[in-house]
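File shown: run39.txt. Contents: compact mmCIF, C-alpha atoms.
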```txt
# COMPACT_ATOMS: atom_id res chain seq x y z
CA MET A 205 227.88 -39.59 -62.36
CA HIS A 206 230.27 -37.65 -64.60
CA PRO A 207 230.24 -39.18 -68.11
CA ALA A 208 234.06 -39.57 -68.22
CA VAL A 209 234.03 -41.33 -64.83
CA HIS A 210 231.19 -43.55 -66.00
CA SER A 211 233.15 -44.52 -69.13
CA ALA A 212 236.33 -45.17 -67.15
CA ILE A 213 234.57 -47.41 -64.63
CA ALA A 214 232.71 -49.24 -67.40
CA ALA A 215 236.02 -49.87 -69.20
CA LEU A 216 237.57 -51.27 -66.02
CA VAL A 217 234.58 -53.52 -65.39
CA ALA A 218 234.77 -54.74 -69.00
CA GLU A 219 238.42 -55.68 -68.32
CA ASN A 220 237.29 -57.61 -65.20
CA LYS A 221 239.17 -55.16 -62.96
CA THR A 222 237.87 -53.77 -59.70
CA PRO A 223 237.56 -49.99 -60.09
CA THR A 224 239.70 -48.01 -57.67
CA VAL A 225 240.50 -44.31 -57.55
CA ALA A 226 243.91 -44.83 -59.17
CA LEU A 227 242.66 -47.15 -61.91
CA THR A 228 239.70 -44.93 -62.65
CA LYS A 229 241.89 -41.80 -62.85
CA SER A 230 244.22 -43.64 -65.24
CA LYS A 231 241.30 -44.46 -67.59
CA LEU A 232 239.77 -40.96 -67.70
CA SER A 233 239.47 -39.40 -71.14
CA GLU A 234 239.51 -35.86 -69.70
CA PRO A 235 240.53 -34.19 -66.44
CA VAL A 236 237.92 -34.72 -63.74
CA PRO A 237 238.07 -33.33 -60.19
CA MET A 238 238.84 -35.94 -57.53
CA PRO A 239 235.51 -35.47 -55.70
CA LEU A 240 233.64 -36.47 -58.89
CA VAL A 241 235.83 -39.57 -59.30
CA ILE A 242 235.17 -40.57 -55.70
CA ALA A 243 231.44 -39.87 -56.06
CA GLY A 244 231.34 -42.05 -59.17
CA LEU A 245 233.15 -44.90 -57.44
CA THR A 246 230.84 -44.62 -54.44
CA ALA A 247 227.80 -44.75 -56.72
CA TYR A 248 229.23 -47.82 -58.47
CA LYS A 249 229.99 -49.59 -55.19
CA ASN A 250 226.47 -48.86 -53.91
CA ASP A 251 224.86 -50.05 -57.17
CA PRO A 252 227.13 -51.87 -59.64
CA ASN A 253 224.24 -51.95 -62.14
CA CYS A 254 224.49 -48.16 -62.54
CA ILE A 255 227.26 -48.81 -65.08
CA ASN A 256 224.71 -50.48 -67.38
CA THR A 257 222.80 -47.21 -67.83
CA GLN A 258 223.86 -44.41 -70.16
CA PRO A 259 225.36 -41.41 -68.37
CA ALA A 260 223.51 -38.14 -68.79
CA ALA A 261 225.38 -35.60 -70.86
CA ALA A 262 226.85 -32.82 -68.80
CA PRO A 263 224.63 -29.72 -68.93
CA LYS A 264 227.70 -27.58 -69.56
CA ALA A 265 228.56 -29.66 -72.62
CA LYS A 266 225.04 -29.21 -73.99
CA ALA A 267 225.24 -25.45 -73.50
CA THR A 268 228.65 -25.34 -75.19
CA GLU A 269 227.41 -27.42 -78.12
CA GLN A 270 224.39 -25.17 -78.52
CA SER A 271 226.48 -22.00 -78.49
CA GLN A 272 228.81 -23.52 -81.10
CA LEU A 273 225.82 -24.44 -83.25
CA ASP A 274 224.46 -20.91 -82.89
CA ARG A 275 227.80 -19.42 -84.00
CA ILE A 276 227.96 -21.77 -87.00
CA GLU A 277 224.43 -20.84 -87.96
CA GLN A 278 225.28 -17.13 -87.76
CA LYS A 279 228.34 -17.66 -89.96
CA LEU A 280 226.28 -19.56 -92.50
CA ASP A 281 223.71 -16.76 -92.57
CA ARG A 282 226.47 -14.21 -93.27
CA ILE A 283 227.92 -16.41 -96.02
CA GLU A 284 224.49 -16.77 -97.63
CA GLN A 285 224.00 -12.98 -97.56
CA LYS A 286 227.40 -12.43 -99.20
CA LEU A 287 226.63 -15.06 -101.83
CA ASP A 288 223.29 -13.43 -102.59
CA ARG A 289 225.04 -10.05 -103.05
CA LEU A 290 227.66 -11.59 -105.35
CA LEU A 291 225.01 -13.34 -107.45
CA ALA A 292 223.05 -10.10 -107.71
CA LEU A 293 226.17 -8.26 -108.89
CA LEU A 294 226.90 -10.96 -111.49
CA GLU A 295 223.35 -10.86 -112.80
CA LYS A 296 223.47 -7.08 -112.98
CA ASP A 297 226.67 -7.17 -115.08
CA ASN A 298 225.18 -9.70 -117.55
```
Whole structure given in structure tokens:
Amino acid sequence: MHPAVHSAIAALVAENKTPTVALTKSKLSEPVPMPLVIAGLTAYKNDPNCINTQPAAAPKAKATEQSQLDRIEQKLDRIEQKLDRLLALLEKDN
């Protein structure tokens, strides 16, 4: 189940509301295609206890997070190299 759909259904259940397509769509924290909303509702109706488990993070989100971390690491490496060059220049002048 899509994590945003899971969260929306869990919020509705916490409010003692019966999840429907319209209510679930209104609670979504991000745009989710209709087939995923319907699949989430179907999964909930087949097993209401599925809301009690943590949703798996979307693989795409993990890949995006990793690429962002890689870019940050590369930037930090460049900053460290520049700092080392600056420190070397300062030491050379003194």
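Straight-line separation from CA of Pro235 in chain A to CA of Leu273 in chain A: 24.4 Å.
CA of Gly244 in chain A is positioned 7.0 Å from CA of His210 in chain A.
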Could you check the closest approach to Leu245 in chain A for each of A:Arg282, A:Lys221, A:Ile213, A:Glu269 and tell me which residue wins, using all atoms listed in the file?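 Once distances to Leu245 in chain A are computed over all atoms listed in the file, the minimum belongs to A:Ile213.
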Record the distance separating CA of Asn253 in chain A and CA of Met205 in chain A, expressed in Å with one decimal.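 Between CA of Asn253 in chain A and CA of Met205 in chain A the gap works out to 12.9 Å.
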Given the choices A:Val236, A:Val217, A:Ala208, A:Ile276, which gets closest to Lys249 in chain A if the distance is worked out from all atoms listed in the file?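 For Lys249 in chain A, the nearest of the candidates is A:Val217.
The closest residue to Pro223 in chain A, picked from A:Gln285, A:Tyr248, A:Gln272, A:Leu240 and counting only C-alpha atoms, is A:Tyr248.
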Report as a list in words all protein, DNA and RNA residues lying within 10 Å of Ser233 in chain A, evaluated on all atoms listed in the file, omitting residues in the same chain fewer than 5 positions from it.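 Contacts, with the query itself left out: Pro207, Ala208, Val209, Ser211 and Ala212 of chain A.
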Restricting the calculation to all atoms listed in the file: of A:Leu290, A:Thr268, A:His206, A:Asn220, which residue gets closest to Ile242 in chain A?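 Closest to Ile242 in chain A of all the choices is A:His206.
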Is there a way to get, as a list of chain:residue names, all residues within 8 Å of the point (243.3, -39.7, -54.9) in file coordinates, counting only C-alpha atoms? A:Val225, A:Ala226, A:Met238
